[in-house]
Amino acid sequence: MKTLKRLGAAMAICMFASCMCYAQKGTLIVSVKGVKEAKGNLMVAFGDQSNPKQMVYSMVPVTSTNAVTCTLKDVPTGSGGLYVYQDVNDNHQLDKDENQIPVEPCYQKEKVTIKEGENKIEIKLIDVKEMMGTK
């Protein structure tokens, strides 16, 4: 009887551990406002910047100044950073001036929580130089 109980407990532990190893995923739909010109691409990323290989990325062409929607699939559930910028000149990087201030419209928010299923976020790009009054 003891052997049967131990076997049952071991099976329960294995089942629990295998469930914990399965990474839950969600979909993140980002609606982006504040697009000032219809050119370039909208670059969207979610995750931990210190581990770029595990971040989820997407790129959407900007064809109008209306809200642009970008969908990220298979986003790991949990907390992470949301990073968005409009790559106006299509060089695949957020351009900055000599003081490392972004010169392209961007948005950043840490500690965004993703749940299993569909997650929707509405954001507005900002022009950092304009906001600082240094343009």
# chains A, B, ... in the order shown; residues from 1 in each chain; ligands from 1
$ residues_around --residues "Thr113 (chain A)" --least-positions-apart "2" --cutoff "12 Å" --atoms "only C-alpha atoms" --output "PyMOL selection string"
chain A and resi 25-28+46-47+75-82+109-111+115-116+118-121
$ select_by_dssp --residues "region 33-94 of chain A" --states "strand (DSSP E)" --output "ChimeraX atom specification"
/A:33,41-47,56-61,68-76,78-87
$ write_last_selection --atoms "C-alpha atoms" --output "PDB file, in the first residue's frame"
ATOM      1  CA  LYS A  33      -1.915  56.393 -32.531  1.00  0.00           C
ATOM      2  CA  ASN A  41       7.478  50.907 -40.689  1.00  0.00           C
ATOM      3  CA  LEU A  42       6.109  50.552 -37.225  1.00  0.00           C
ATOM      4  CA  MET A  43       8.420  48.356 -35.173  1.00  0.00           C
ATOM      5  CA  VAL A  44       6.840  46.627 -32.145  1.00  0.00           C
ATOM      6  CA  ALA A  45       8.618  44.409 -29.615  1.00  0.00           C
ATOM      7  CA  PHE A  46       7.634  42.786 -26.330  1.00  0.00           C
ATOM      8  CA  GLY A  47       9.822  41.113 -23.743  1.00  0.00           C
ATOM      9  CA  VAL A  56       8.731  38.860 -29.778  1.00  0.00           C
ATOM     10  CA  TYR A  57       8.934  41.347 -32.673  1.00  0.00           C
ATOM     11  CA  SER A  58       6.758  42.524 -35.522  1.00  0.00           C
ATOM     12  CA  MET A  59       6.929  45.173 -38.215  1.00  0.00           C
ATOM     13  CA  VAL A  60       3.986  46.840 -39.986  1.00  0.00           C
ATOM     14  CA  PRO A  61       4.181  49.281 -42.920  1.00  0.00           C
ATOM     15  CA  VAL A  68      -1.942  51.470 -37.072  1.00  0.00           C
ATOM     16  CA  THR A  69      -2.593  48.013 -35.637  1.00  0.00           C
ATOM     17  CA  CYS A  70       0.127  45.456 -35.055  1.00  0.00           C
ATOM     18  CA  THR A  71      -0.407  41.898 -33.790  1.00  0.00           C
ATOM     19  CA  LEU A  72       2.241  39.908 -31.944  1.00  0.00           C
ATOM     20  CA  LYS A  73       1.548  36.170 -31.721  1.00  0.00           C
ATOM     21  CA  ASP A  74       2.971  33.576 -29.352  1.00  0.00           C
ATOM     22  CA  VAL A  75       3.876  36.171 -26.726  1.00  0.00           C
ATOM     23  CA  PRO A  76       4.930  34.474 -23.459  1.00  0.00           C
ATOM     24  CA  GLY A  78       3.785  37.341 -17.744  1.00  0.00           C
ATOM     25  CA  SER A  79       5.349  40.753 -17.407  1.00  0.00           C
ATOM     26  CA  GLY A  80       7.655  42.441 -19.886  1.00  0.00           C
ATOM     27  CA  GLY A  81       8.422  45.671 -21.685  1.00  0.00           C
ATOM     28  CA  LEU A  82       6.572  47.045 -24.693  1.00  0.00           C
ATOM     29  CA  TYR A  83       8.765  48.948 -27.169  1.00  0.00           C
ATOM     30  CA  VAL A  84       7.363  50.708 -30.234  1.00  0.00           C
ATOM     31  CA  TYR A  85       8.870  53.146 -32.715  1.00  0.00           C
ATOM     32  CA  GLN A  86       8.175  54.416 -36.195  1.00  0.00           C
ATOM     33  CA  ASP A  87      11.175  53.639 -38.353  1.00  0.00           C
TER      34      ASP A  87
END
$ residues_around --residues "Val88 (chain A)" --least-positions-apart "6" --cutoff "8 Å" --atoms "only C-alpha atoms" --output "PyMOL selection string"
chain A and resi 39-41+104
$ select_by_dssp --residues "region 15-121 of chain A" --states "helix (DSSP H, G or I)" --output "ChimeraX atom specification"
/A:15-21,52-54
$ write_last_selection --atoms "all heavy atoms" --output "PDB file, in the first residue's frame"
ATOM      1  N   MET A  15       3.241  15.117 -13.118  1.00  0.00           N
ATOM      2  CA  MET A  15       2.204  15.790 -13.899  1.00  0.00           C
ATOM      3  C   MET A  15       2.226  17.290 -13.630  1.00  0.00           C
ATOM      4  O   MET A  15       2.116  18.100 -14.544  1.00  0.00           O
ATOM      5  CB  MET A  15       0.827  15.204 -13.586  1.00  0.00           C
ATOM      6  CG  MET A  15       0.628  13.823 -14.175  1.00  0.00           C
ATOM      7  SD  MET A  15      -0.912  13.048 -13.688  1.00  0.00           S
ATOM      8  CE  MET A  15      -2.117  14.226 -14.229  1.00  0.00           C
ATOM      9  N   PHE A  16       2.378  17.680 -12.366  1.00  0.00           N
ATOM     10  CA  PHE A  16       2.426  19.102 -12.011  1.00  0.00           C
ATOM     11  C   PHE A  16       3.641  19.764 -12.641  1.00  0.00           C
ATOM     12  O   PHE A  16       3.555  20.844 -13.220  1.00  0.00           O
ATOM     13  CB  PHE A  16       2.456  19.265 -10.483  1.00  0.00           C
ATOM     14  CG  PHE A  16       2.542  20.689 -10.042  1.00  0.00           C
ATOM     15  CD1 PHE A  16       1.439  21.525 -10.141  1.00  0.00           C
ATOM     16  CD2 PHE A  16       3.731  21.212  -9.552  1.00  0.00           C
ATOM     17  CE1 PHE A  16       1.510  22.845  -9.742  1.00  0.00           C
ATOM     18  CE2 PHE A  16       3.816  22.534  -9.156  1.00  0.00           C
ATOM     19  CZ  PHE A  16       2.699  23.344  -9.253  1.00  0.00           C
ATOM     20  N   ALA A  17       4.782  19.089 -12.573  1.00  0.00           N
ATOM     21  CA  ALA A  17       6.016  19.646 -13.138  1.00  0.00           C
ATOM     22  C   ALA A  17       5.901  19.797 -14.651  1.00  0.00           C
ATOM     23  O   ALA A  17       6.342  20.796 -15.216  1.00  0.00           O
ATOM     24  CB  ALA A  17       7.217  18.770 -12.784  1.00  0.00           C
ATOM     25  N   SER A  18       5.277  18.831 -15.325  1.00  0.00           N
ATOM     26  CA  SER A  18       5.153  18.948 -16.778  1.00  0.00           C
ATOM     27  C   SER A  18       4.210  20.085 -17.145  1.00  0.00           C
ATOM     28  O   SER A  18       4.400  20.762 -18.146  1.00  0.00           O
ATOM     29  CB  SER A  18       4.679  17.635 -17.399  1.00  0.00           C
ATOM     30  OG  SER A  18       3.343  17.363 -17.025  1.00  0.00           O
ATOM     31  N   CYS A  19       3.195  20.340 -16.356  1.00  0.00           N
ATOM     32  CA  CYS A  19       2.294  21.475 -16.604  1.00  0.00           C
ATOM     33  C   CYS A  19       3.032  22.789 -16.402  1.00  0.00           C
ATOM     34  O   CYS A  19       2.794  23.757 -17.122  1.00  0.00           O
ATOM     35  CB  CYS A  19       1.075  21.419 -15.684  1.00  0.00           C
ATOM     36  SG  CYS A  19      -0.079  20.115 -16.136  1.00  0.00           S
ATOM     37  N   MET A  20       3.905  22.847 -15.433  1.00  0.00           N
ATOM     38  CA  MET A  20       4.648  24.071 -15.144  1.00  0.00           C
ATOM     39  C   MET A  20       5.655  24.371 -16.252  1.00  0.00           C
ATOM     40  O   MET A  20       5.967  25.523 -16.505  1.00  0.00           O
ATOM     41  CB  MET A  20       5.372  23.980 -13.794  1.00  0.00           C
ATOM     42  CG  MET A  20       4.439  23.898 -12.605  1.00  0.00           C
ATOM     43  SD  MET A  20       3.350  25.312 -12.478  1.00  0.00           S
ATOM     44  CE  MET A  20       4.503  26.571 -12.033  1.00  0.00           C
ATOM     45  N   CYS A  21       6.142  23.342 -16.926  1.00  0.00           N
ATOM     46  CA  CYS A  21       7.133  23.544 -17.983  1.00  0.00           C
ATOM     47  C   CYS A  21       6.496  24.056 -19.261  1.00  0.00           C
ATOM     48  O   CYS A  21       7.151  24.652 -20.095  1.00  0.00           O
ATOM     49  CB  CYS A  21       7.874  22.245 -18.276  1.00  0.00           C
ATOM     50  SG  CYS A  21       8.928  21.722 -16.914  1.00  0.00           S
ATOM     51  N   PRO A  52      17.334  39.721 -25.722  1.00  0.00           N
ATOM     52  CA  PRO A  52      16.705  40.013 -27.009  1.00  0.00           C
ATOM     53  C   PRO A  52      16.307  38.783 -27.828  1.00  0.00           C
ATOM     54  O   PRO A  52      15.379  38.849 -28.612  1.00  0.00           O
ATOM     55  CB  PRO A  52      17.741  40.850 -27.752  1.00  0.00           C
ATOM     56  CG  PRO A  52      18.985  40.797 -26.976  1.00  0.00           C
ATOM     57  CD  PRO A  52      18.676  40.277 -25.611  1.00  0.00           C
ATOM     58  N   LYS A  53      16.968  37.648 -27.631  1.00  0.00           N
ATOM     59  CA  LYS A  53      16.634  36.448 -28.394  1.00  0.00           C
ATOM     60  C   LYS A  53      15.254  35.906 -28.034  1.00  0.00           C
ATOM     61  O   LYS A  53      14.644  35.192 -28.818  1.00  0.00           O
ATOM     62  CB  LYS A  53      17.691  35.368 -28.190  1.00  0.00           C
ATOM     63  CG  LYS A  53      19.002  35.691 -28.873  1.00  0.00           C
ATOM     64  CD  LYS A  53      19.989  34.567 -28.729  1.00  0.00           C
ATOM     65  CE  LYS A  53      21.287  34.948 -29.428  1.00  0.00           C
ATOM     66  NZ  LYS A  53      22.290  33.900 -29.331  1.00  0.00           N
ATOM     67  N   GLN A  54      14.756  36.232 -26.859  1.00  0.00           N
ATOM     68  CA  GLN A  54      13.449  35.742 -26.445  1.00  0.00           C
ATOM     69  C   GLN A  54      12.344  36.783 -26.596  1.00  0.00           C
ATOM     70  O   GLN A  54      11.205  36.524 -26.242  1.00  0.00           O
ATOM     71  CB  GLN A  54      13.508  35.225 -25.008  1.00  0.00           C
ATOM     72  CG  GLN A  54      14.348  33.971 -24.901  1.00  0.00           C
ATOM     73  CD  GLN A  54      14.193  33.278 -23.573  1.00  0.00           C
ATOM     74  OE1 GLN A  54      13.504  33.734 -22.680  1.00  0.00           O
ATOM     75  NE2 GLN A  54      14.848  32.142 -23.433  1.00  0.00           N
TER      76      GLN A  54
END
$ atom_distance --atom1 "CA of Ile29 (chain A)" --atom2 "CA of Met132 (chain A)"
29.2 Å
